[in-house]
file upload.cif (mmCIF, C-alpha atoms)
data_target
#
loop_
_atom_site.label_atom_id
_atom_site.label_comp_id
_atom_site.auth_asym_id
_atom_site.auth_seq_id
_atom_site.Cartn_x
_atom_site.Cartn_y
_atom_site.Cartn_z
CA MET A 1 193.91 -30.99 82.33
CA MET A 2 191.16 -32.66 84.40
CA LYS A 3 191.79 -30.30 87.31
CA ARG A 4 191.53 -27.32 85.01
CA LEU A 5 188.24 -28.66 83.60
CA VAL A 6 186.78 -29.12 87.09
CA PHE A 7 187.93 -25.63 88.08
CA MET A 8 186.37 -24.09 84.97
CA SER A 9 183.10 -25.97 85.54
CA GLY A 10 183.03 -24.74 89.14
CA LEU A 11 183.66 -21.19 87.99
CA LEU A 12 180.88 -21.43 85.43
CA PHE A 13 178.48 -22.79 88.07
CA ALA A 14 179.38 -19.92 90.41
CA VAL A 15 178.73 -17.38 87.65
CA MET A 16 175.35 -19.01 86.93
CA LEU A 17 174.37 -18.56 90.57
CA ALA A 18 175.26 -14.90 90.48
CA SER A 19 172.62 -12.14 90.36
CA PRO A 20 171.88 -11.84 86.61
CA VAL A 21 170.47 -15.36 86.66
CA PHE A 22 168.27 -14.42 89.66
CA ALA A 23 165.95 -12.47 87.36
CA ALA A 24 165.71 -15.38 84.94
CA ASP A 25 164.74 -17.66 87.85
CA GLY A 26 162.05 -15.21 88.82
CA LYS A 27 160.59 -15.30 85.33
CA ALA A 28 160.62 -19.09 85.39
CA LEU A 29 158.86 -19.08 88.77
CA VAL A 30 156.21 -16.71 87.45
CA GLY A 31 155.66 -19.22 84.66
CA SER A 32 155.68 -22.37 86.80
CA ASN A 33 153.39 -20.79 89.41
CA LYS A 34 151.02 -19.73 86.64
CA CYS A 35 150.86 -16.10 87.80
CA GLY A 36 149.80 -15.25 84.26
CA SER A 37 146.60 -17.25 84.62
CA CYS A 38 145.21 -14.41 86.76
CA HIS A 39 147.56 -11.45 86.14
CA GLN A 40 148.21 -9.82 82.78
CA MET A 41 151.98 -10.03 82.46
CA SER A 42 152.45 -8.00 79.27
CA GLY A 43 150.86 -4.83 77.93
CA PRO A 44 148.94 -3.08 76.67
CA ALA A 45 146.12 -2.87 79.21
CA VAL A 46 142.63 -3.86 78.15
CA THR A 47 140.43 -1.15 76.68
CA THR A 48 136.85 -2.43 76.90
CA ILE A 49 134.43 -3.11 79.73
CA ALA A 50 133.88 -6.64 78.43
CA GLU A 51 137.62 -7.28 78.76
CA ILE A 52 137.97 -5.70 82.18
CA MET A 53 135.15 -7.88 83.51
CA LYS A 54 137.34 -10.88 82.72
CA ARG A 55 140.21 -9.51 84.80
CA LYS A 56 140.99 -11.80 87.73
CA ALA A 57 143.90 -9.94 89.31
CA PRO A 58 145.78 -6.65 88.86
CA ASP A 59 148.01 -6.15 85.83
CA LEU A 60 151.66 -6.81 86.59
CA PHE A 61 153.29 -5.65 83.38
CA TYR A 62 154.26 -2.33 84.97
CA SER A 63 155.19 -3.73 88.39
CA GLY A 64 158.59 -2.08 88.17
CA ASN A 65 156.93 1.33 87.96
CA LYS A 66 154.23 0.65 90.51
CA PHE A 67 155.57 -1.28 93.48
CA ASN A 68 158.22 -1.02 96.15
CA LYS A 69 160.29 -4.20 95.88
CA GLU A 70 160.46 -4.88 99.62
CA TRP A 71 156.68 -4.92 99.83
CA LEU A 72 156.43 -7.26 96.84
CA VAL A 73 158.78 -9.77 98.49
CA GLY A 74 156.56 -9.94 101.58
CA TYR A 75 153.29 -10.04 99.65
CA ILE A 76 154.38 -12.87 97.38
CA GLN A 77 155.08 -15.01 100.46
CA ALA A 78 151.85 -14.16 102.27
CA PRO A 79 149.28 -12.17 100.25
CA THR A 80 146.93 -9.85 102.11
CA THR A 81 143.68 -8.27 100.94
CA ILE A 82 144.36 -5.06 99.02
CA ARG A 83 140.99 -4.75 97.31
CA PRO A 84 138.22 -5.57 99.82
CA ALA A 85 135.67 -6.22 97.06
CA GLY A 86 138.12 -8.00 94.77
CA THR A 87 140.02 -6.90 91.69
CA VAL A 88 136.90 -5.96 89.74
CA TYR A 89 134.29 -5.18 92.38
CA LEU A 90 131.40 -5.80 90.02
CA ASN A 91 132.31 -9.47 89.80
CA ASN A 92 131.98 -9.96 93.55
CA ILE A 93 128.72 -8.32 94.51
CA LYS A 94 125.26 -9.71 94.82
CA VAL A 95 122.02 -7.86 95.28
CA GLU A 96 120.06 -8.42 98.48
CA GLY A 97 116.77 -6.59 98.23
CA ASP A 98 117.75 -3.18 96.89
CA THR A 99 121.23 -3.26 98.46
CA ASP A 100 124.53 -4.60 97.11
CA VAL A 101 126.69 -6.82 99.30
CA VAL A 102 130.13 -8.28 98.67
CA ALA A 103 130.38 -12.04 98.32
CA ASN A 104 133.07 -14.63 97.59
CA VAL A 105 136.12 -12.45 96.99
CA PRO A 106 138.89 -14.65 95.55
CA LYS A 107 142.31 -14.43 97.21
CA CYS A 108 145.78 -14.59 95.66
CA ALA A 109 147.10 -18.13 96.05
CA SER A 110 150.78 -17.16 96.05
CA LYS A 111 152.72 -18.81 98.87
CA LEU A 112 156.35 -18.77 97.82
CA SER A 113 159.42 -19.15 100.02
CA ALA A 114 161.44 -16.07 100.90
CA GLY A 115 164.09 -16.99 98.31
CA ASP A 116 161.62 -17.59 95.52
CA ALA A 117 159.65 -14.47 96.45
CA GLY A 118 162.85 -12.44 96.18
CA ALA A 119 163.56 -13.87 92.73
CA VAL A 120 160.02 -13.19 91.54
CA ALA A 121 160.10 -9.66 92.94
CA ASP A 122 163.43 -9.06 91.17
CA TYR A 123 161.84 -10.17 87.91
CA LEU A 124 158.66 -8.15 88.42
CA MET A 125 160.69 -5.03 89.10
CA THR A 126 162.13 -5.37 85.58
CA LEU A 127 158.63 -5.03 84.08
CA LYS A 128 158.25 -1.37 83.24
CA GLU A 129 156.27 0.88 80.93
CA ASP A 130 156.90 4.47 79.92
CA MET A 131 156.04 6.73 82.85
CA PRO A 132 154.62 10.17 82.02
CA THR A 133 156.72 13.12 83.12
CA GLY A 134 156.39 14.49 86.63
CA THR A 135 157.58 13.05 89.90
CA ALA A 136 156.56 12.97 93.53
CA LYS A 137 158.28 15.43 95.82
CA ILE A 138 158.26 13.72 99.17
CA GLY A 139 158.96 16.01 102.11
CA LYS A 140 157.23 17.91 104.85
CA PHE A 141 153.52 18.40 104.33
CA LYS A 142 150.47 19.45 106.30
CA LYS A 143 148.62 16.27 107.21
CA ALA A 144 145.45 18.09 108.32
CA LYS A 145 145.32 19.95 105.00
CA ALA A 146 145.81 16.72 103.08
CA LYS A 147 143.04 14.98 105.01
CA SER A 148 140.67 17.89 104.52
CA PHE A 149 141.33 17.95 100.77
CA MET A 150 141.11 14.20 100.32
CA PHE A 151 138.27 13.28 102.62
CA LYS A 152 136.06 16.35 102.94
CA GLY A 153 136.69 17.60 99.43
CA GLU A 154 137.34 14.72 97.09
CA ALA A 155 135.80 11.98 99.23
CA CYS A 156 138.61 9.54 98.45
CA ASN A 157 137.44 7.28 101.25
CA ALA A 158 134.11 6.84 99.52
CA CYS A 159 135.87 4.14 97.49
CA HIS A 160 139.16 3.55 99.37
CA VAL A 161 139.52 2.39 102.98
CA ASP A 162 141.56 4.83 105.04
CA PRO A 163 143.19 3.20 108.11
CA ARG A 164 141.66 5.75 110.49
CA LYS A 165 138.54 7.01 108.76
CA GLY A 166 137.39 3.73 107.23
CA GLY A 167 135.95 3.84 103.75
CA GLY A 168 134.39 2.19 100.75
CA ILE A 169 135.58 -1.00 99.20
CA SER A 170 135.36 -0.78 95.42
CA CYS A 171 139.01 0.30 95.14
CA PRO A 172 142.34 -0.61 96.81
CA THR A 173 142.79 0.10 100.51
CA PHE A 174 144.98 2.98 101.70
CA GLU A 175 146.22 0.73 104.51
CA GLY A 176 149.98 0.40 104.01
CA ILE A 177 149.86 2.16 100.63
CA GLY A 178 153.06 4.05 101.45
CA THR A 179 154.89 0.77 101.88
CA ARG A 180 153.26 -0.78 98.83
CA LEU A 181 153.57 1.81 96.07
CA ASN A 182 156.33 3.82 94.45
CA PRO A 183 155.46 7.51 95.10
CA ASP A 184 156.34 8.47 91.51
CA TRP A 185 153.88 5.93 90.14
CA LEU A 186 151.27 7.06 92.64
CA TYR A 187 151.74 10.63 91.42
CA SER A 188 151.37 9.47 87.82
CA PHE A 189 148.25 7.40 88.58
CA LEU A 190 146.56 10.22 90.50
CA LYS A 191 147.27 12.57 87.62
CA ASN A 192 145.82 10.27 85.00
CA PRO A 193 144.54 6.86 86.13
CA GLN A 194 143.51 5.96 82.59
CA HIS A 195 147.09 6.21 81.34
CA TRP A 196 147.77 2.99 83.22
CA ASP A 197 144.37 1.38 82.99
CA PRO A 198 142.04 2.87 80.34
CA LYS A 199 138.91 1.38 81.88
CA VAL A 200 139.67 1.83 85.57
CA TRP A 201 136.61 3.19 87.39
CA MET A 202 138.49 5.97 89.19
CA ALA A 203 137.52 9.26 87.54
CA LYS A 204 140.26 11.42 86.05
CA ARG A 205 140.32 14.74 87.85
CA ASP A 206 142.34 17.78 86.84
CA PHE A 207 144.21 18.18 90.10
CA GLU A 208 146.54 21.12 90.60
CA GLU A 209 150.20 20.23 91.06
CA LYS A 210 150.21 21.29 94.73
CA ASP A 211 147.21 19.08 95.46
CA LEU A 212 148.79 16.11 93.67
CA GLN A 213 151.92 16.49 95.79
CA LEU A 214 149.83 16.87 98.95
CA MET A 215 147.98 13.61 98.24
CA VAL A 216 151.10 11.67 97.29
CA ASN A 217 152.81 12.82 100.48
CA TYR A 218 149.84 11.83 102.65
CA LEU A 219 149.43 8.44 100.99
CA SER A 220 153.16 7.73 101.08
CA SER A 221 153.11 8.40 104.84
CA LEU A 222 150.65 5.54 105.40
CA LYS A 223 153.13 2.77 106.15
CA MET B 224 142.94 -3.70 31.64
CA LYS B 225 145.83 -4.68 33.88
CA ASP B 226 145.28 -1.52 35.99
CA ILE B 227 141.64 -2.40 36.53
CA ARG B 228 142.60 -5.90 37.69
CA ILE B 229 145.16 -4.46 40.15
CA PHE B 230 142.53 -2.00 41.41
CA LYS B 231 140.01 -4.84 41.97
CA VAL B 232 142.55 -6.99 43.84
CA THR B 233 143.55 -4.01 46.00
CA ALA B 234 139.90 -3.24 46.76
CA VAL B 235 139.24 -6.84 47.80
CA ILE B 236 142.30 -6.88 50.08
CA ALA B 237 141.27 -3.53 51.62
CA PHE B 238 137.75 -4.88 52.24
CA VAL B 239 139.06 -8.05 53.92
CA VAL B 240 141.48 -6.03 56.11
CA ALA B 241 138.67 -3.66 57.10
CA MET B 242 136.42 -6.61 57.98
CA PHE B 243 139.07 -8.11 60.25
CA PHE B 244 140.49 -5.01 61.86
CA GLY B 245 137.74 -2.44 61.57
CA ASN B 246 136.06 -3.59 64.77
CA VAL B 247 139.12 -3.73 66.98
CA PRO B 248 137.95 -2.10 70.21
CA SER B 249 139.81 0.88 71.59
CA ALA B 250 139.46 2.98 74.73
CA ASP B 251 137.74 5.56 72.53
CA ALA B 252 135.07 3.15 71.34
CA ALA B 253 131.63 3.92 72.77
CA GLU B 254 130.41 1.46 75.37
CA LYS B 255 126.75 0.61 75.99
CA ALA B 256 125.14 2.92 78.54
CA ALA B 257 124.12 0.00 80.74
CA ASP B 258 127.74 -1.23 80.84
CA ASN B 259 129.08 2.24 81.64
CA TYR B 260 126.49 2.53 84.41
CA LYS B 261 127.63 -0.76 85.90
CA LEU B 262 131.34 0.00 85.83
CA TYR B 263 131.35 3.64 86.90
CA CYS B 264 128.06 4.37 88.70
CA VAL B 265 127.23 1.20 90.64
CA GLN B 266 130.13 1.70 93.04
CA CYS B 267 128.20 4.54 94.70
CA HIS B 268 124.65 4.34 93.35
CA GLY B 269 124.28 0.55 93.59
CA THR B 270 123.18 -2.10 91.13
CA ALA B 271 119.54 -1.22 91.67
CA GLY B 272 120.32 2.50 91.43
CA THR B 273 118.88 3.17 94.88
CA GLY B 274 122.14 4.52 96.30
CA LYS B 275 122.41 1.63 98.73
CA TRP B 276 125.83 0.26 97.87
CA VAL B 277 128.42 -0.58 100.50
CA ASN B 278 130.46 2.54 99.66
CA ALA B 279 127.48 4.77 100.42
CA PRO B 280 127.92 4.98 104.23
CA TYR B 281 131.25 6.71 103.67
CA LEU B 282 129.81 9.48 101.54
CA ALA B 283 128.93 12.67 103.41
CA VAL B 284 126.13 13.23 100.90
CA ALA B 285 123.83 10.32 100.07
CA PRO B 286 124.14 9.20 96.43
CA ARG B 287 121.20 10.12 94.21
CA ASN B 288 118.43 7.51 94.05
CA HIS B 289 118.23 6.90 90.31
CA VAL B 290 114.98 4.95 90.44
CA SER B 291 113.10 7.68 92.29
CA ALA B 292 110.86 9.39 89.74
CA LYS B 293 110.24 12.16 92.26
CA ASP B 294 113.97 12.96 92.73
CA MET B 295 115.01 12.47 89.13
CA SER B 296 112.15 14.40 87.52
CA ALA B 297 113.31 17.44 89.50
CA LEU B 298 116.51 17.46 87.44
CA SER B 299 116.81 18.57 83.82
CA ASP B 300 118.60 16.36 81.31
CA ASP B 301 121.12 19.15 80.87
CA SER B 302 121.99 19.26 84.57
CA VAL B 303 122.31 15.46 84.72
CA PHE B 304 124.63 15.60 81.69
CA LYS B 305 126.74 18.30 83.35
CA ALA B 306 126.92 16.41 86.65
CA ILE B 307 128.16 13.25 84.94
CA LYS B 308 130.59 15.01 82.66
CA SER B 309 131.99 17.69 84.96
CA GLY B 310 131.10 16.44 88.44
CA GLY B 311 128.81 17.67 91.21
CA PRO B 312 130.28 21.18 91.54
CA ALA B 313 129.31 21.94 87.91
CA VAL B 314 125.66 21.88 88.99
CA GLY B 315 126.12 23.27 92.49
CA LYS B 316 126.32 19.85 94.11
CA SER B 317 128.92 17.92 96.07
CA THR B 318 132.51 17.29 94.94
CA GLN B 319 131.82 13.71 95.93
CA MET B 320 130.20 13.21 92.54
CA PRO B 321 133.40 13.04 90.44
CA PRO B 322 133.70 14.23 86.83
CA PHE B 323 133.60 11.42 84.27
CA GLY B 324 134.30 13.63 81.26
CA GLY B 325 137.90 12.42 81.28
CA ILE B 326 136.73 8.85 80.67
CA LEU B 327 133.42 9.08 78.82
CA SER B 328 132.73 10.77 75.49
CA ASP B 329 129.84 13.24 75.23
CA ALA B 330 127.87 10.58 73.34
CA GLU B 331 128.41 8.13 76.19
CA VAL B 332 127.34 10.72 78.77
CA SER B 333 124.18 11.37 76.70
CA GLY B 334 123.62 7.62 76.63
CA LEU B 335 123.85 7.54 80.42
CA VAL B 336 121.29 10.36 80.71
CA LYS B 337 118.87 8.30 78.61
CA HIS B 338 119.68 5.23 80.69
CA LEU B 339 118.87 7.12 83.90
CA ARG B 340 115.55 8.28 82.42
CA ALA B 341 114.72 4.67 81.68
CA MET B 342 115.63 3.71 85.26
CA CYS B 343 113.45 6.36 86.88
CA LYS B 344 110.75 5.99 84.23
CA CYS B 345 110.51 9.74 84.23
CA LYS B 346 111.32 12.82 82.19
CA GLY B 347 113.53 15.75 83.12
CA LYS B 348 111.98 19.02 84.20
#
call {"tool": "encode", "arguments": {"input": "upload.cif", "output": "structure tokens"}}
result
Amino acid sequence: MMKRLVFMSGLLFAVMLASPVFAADGKALVGSNKCGSCHQMSGPAVTTIAEIMKRKAPDLFYSGNKFNKEWLVGYIQAPTTIRPAGTVYLNNIKVEGDTDVVANVPKCASKLSAGDAGAVADYLMTLKEDMPTGTAKIGKFKKAKAKSFMFKGEACNACHVDPRKGGGISCPTFEGIGTRLNPDWLYSFLKNPQHWDPKVWMAKRDFEEKDLQLMVNYLSSLK
Amino acid sequence: MKDIRIFKVTAVIAFVVAMFFGNVPSADAAEKAADNYKLYCVQCHGTAGTGKWVNAPYLAVAPRNHVSAKDMSALSDDSVFKAIKSGGPAVGKSTQMPPFGGILSDAEVSGLVKHLRAMCKCKGK
């Protein structure tokens, strides 16, 4: 009887260590590490400028749509700077004379172990919102055409840093964007940024489908 | 008599609900022009409106100096409205001025035109 009880307890313990509990651990780690003190962990997104000015870090309640899990695991262990002027650029600029300069950009304090980062990433990947129809079609594309459209035409690097061309800093860098973001989410965001973030300062443009695919392919190639 | 009492109670409840929930902000609610300017325009035109923000060096065309009475008085209110709403190409200017009509209502764009006139202390041509 005792042996059977020990065996059953061992079996139960083994089951608890199995993958379904991994996600629960990740949620607990998000709570204990107070990720929610900076990130909004549940929707909907804010809808006023007053609210967006209080934003300290990007929304995570659609992480499962937005990110590539492998990138998340690395970032959670050692965060890098994605937004050179901070999450909401207006909060990190000061005026010197008649010119704006960036000052005191806060950094993400996350410094989890590889195991914990994996658990948190697993949990974050479960956070999803409805994604509008349409998907990225990743394949062969003309890089020169994409660059011409994005940089000469739309001036994307006026606000985003491109690894080769440089660029502005009020929006996330293109450096490593192909590793960071899910191409389908990228497609969706480019099509209608305000679907995900009603007050985001990236203008909604009526891109043609071929141009959307061209941009998603170029950005996804930046590893 | 009973119907009138029910009507009064319903009216009071409706009033209280309207008081509490009538001002819930939505993405469609109009923002103040100065706030819209800060969030959407400052990233290229700068806090002071001079066009000297850190993004500016990466623009092939220099952002408009909004405090220059000379530059701004050369533009009509209608063309400024069109440029904000539909982007630079709508008024024969650069694609680097993006269209904000997908974010801002016409009333908000009109508010921005007035805000720009206050910044340049000038009138449109």
call {"tool": "closest_atom_pairs", "arguments": {"input": "upload.cif", "of": "chain B", "to": "chain A", "cutoff": "6 Å", "atoms": "only C-alpha atoms", "output": "tab-separated table"}}
result
residue	atom	partner	partner_atom	distance
B:Ser249	CA	A:Thr47	CA	5.5
B:Ala250	CA	A:Thr47	CA	4.7
B:Tyr263	CA	A:Trp201	CA	5.3
B:Ala271	CA	A:Asp98	CA	5.9
B:Lys275	CA	A:Thr99	CA	5.0
B:Trp276	CA	A:Asp100	CA	5.1
B:Asn278	CA	A:Gly168	CA	4.1
B:Tyr281	CA	A:Ala158	CA	5.0
B:Leu282	CA	A:Ala158	CA	5.4
B:Thr318	CA	A:Glu154	CA	5.9
B:Gln319	CA	A:Ala155	CA	5.5
B:Phe323	CA	A:Ala203	CA	5.5
B:Gly325	CA	A:Lys204	CA	5.4
call {"tool": "atom_distance", "arguments": {"input": "upload.cif", "atom1": "atom CA of Lys145 of chain A", "atom2": "atom CA of Leu190 of chain A"}}
result
17.5 Å
call {"tool": "residues_around", "arguments": {"input": "upload.cif", "residues": "Ser317 of chain B", "least_positions_apart": "4", "cutoff": "12 Å", "atoms": "only C-alpha atoms", "output": "MDAnalysis selection string"}}
result
(chainID A and resid 152:155) or (chainID B and resid 282:287 306 309:313 321:322)
call {"tool": "closest_residue", "arguments": {"input": "upload.cif", "among": "A:Asp184, A:Ser220, A:Phe149, A:Thr80", "to": "Phe207 of chain A", "atoms": "all atoms listed in the file"}}
result
A:Phe149
call {"tool": "atom_distance", "arguments": {"input": "upload.cif", "atom1": "atom CA of Thr173 of chain A", "atom2": "atom CA of Trp196 of chain A"}}
result
18.2 Å
call {"tool": "closest_residue", "arguments": {"input": "upload.cif", "among": "A:Gly64, A:Gly178, A:Gly74, A:Pro44", "to": "Tyr123 of chain A", "atoms": "all atoms listed in the file"}}
result
A:Gly64
call {"tool": "atom_distance", "arguments": {"input": "upload.cif", "atom1": "atom CA of Gln266 of chain B", "atom2": "atom CA of Pro163 of chain A"}}
result
20.0 Å
call {"tool": "resolve_selection", "arguments": {"input": "upload.cif", "expression": "the PyMOL selection byres ((chain B and resi 298) around 6)", "output": "PyMOL selection string"}}
result
chain B and resi 295-297+299+347-348
call {"tool": "residues_around", "arguments": {"input": "upload.cif", "residues": "Ser188 of chain A", "least_positions_apart": "3", "cutoff": "12 Å", "atoms": "only C-alpha atoms", "output": "list in words"}}
result
Asn65, Lys66, Asp130, Met131, Pro132, Thr133, Gly134, Thr135, Ala136, Leu181, Asn182, Pro183, Asp184, Trp185, Lys191, Asn192, Pro193, Gln194, His195, Trp196, Asp197, Lys204, Phe207, Glu209, Leu212, Gln213, Met215 and Val216 of chain A
call {"tool": "resolve_selection", "arguments": {"input": "upload.cif", "expression": "the PyMOL selection byres ((chain B and resi 253-262) around 6)", "output": "PyMOL selection string"}}
result
chain B and resi 252+263-265+334-335
call {"tool": "write_last_selection", "arguments": {"input": "upload.cif", "atoms": "C-alpha atoms", "output": "short mmCIF file (atom, residue, chain, number, x, y, z; two decimals), in the coordinates of the input"}}
result
data_model
loop_
_atom_site.label_atom_id
_atom_site.label_comp_id
_atom_site.auth_asym_id
_atom_site.auth_seq_id
_atom_site.Cartn_x
_atom_site.Cartn_y
_atom_site.Cartn_z
CA ALA B 252 135.07 3.15 71.34
CA TYR B 263 131.35 3.64 86.90
CA CYS B 264 128.06 4.37 88.70
CA VAL B 265 127.23 1.20 90.64
CA GLY B 334 123.62 7.62 76.63
CA LEU B 335 123.85 7.54 80.42
#
call {"tool": "residues_around", "arguments": {"input": "upload.cif", "residues": "segment 288-292 of chain B", "least_positions_apart": "6", "cutoff": "8 Å", "atoms": "all atoms listed in the file", "output": "ChimeraX atom specification"}}
result
/B:268,271-274,339,342-345
call {"tool": "closest_residue", "arguments": {"input": "upload.cif", "among": "A:Ala109, A:Ile177, A:Leu214, A:Leu222", "to": "His39 of chain A", "atoms": "all atoms listed in the file"}}
result
A:Ala109
call {"tool": "axis_aligned_box", "arguments": {"input": "upload.cif", "around": "segment 295-312 of chain B", "padding_each_side": "6 Å", "output": "JSON"}}
result
{"center_x": 122.1, "center_y": 16.8, "center_z": 86.2, "size_x": 31.8, "size_y": 20.7, "size_z": 22.7}
call {"tool": "residues_around", "arguments": {"input": "upload.cif", "residues": "Thr87 of chain A", "least_positions_apart": "3", "cutoff": "10 Å", "atoms": "all atoms listed in the file", "output": "VMD selection string"}}
result
chain A and resid 52 to 53 55 to 59 82 to 84 90 to 92 105 to 107 170 to 172
call {"tool": "closest_residue", "arguments": {"input": "upload.cif", "among": "A:Glu129, A:Glu208, A:Glu51, A:Asp122", "to": "Leu29 of chain A", "atoms": "only C-alpha atoms"}}
result
A:Asp122
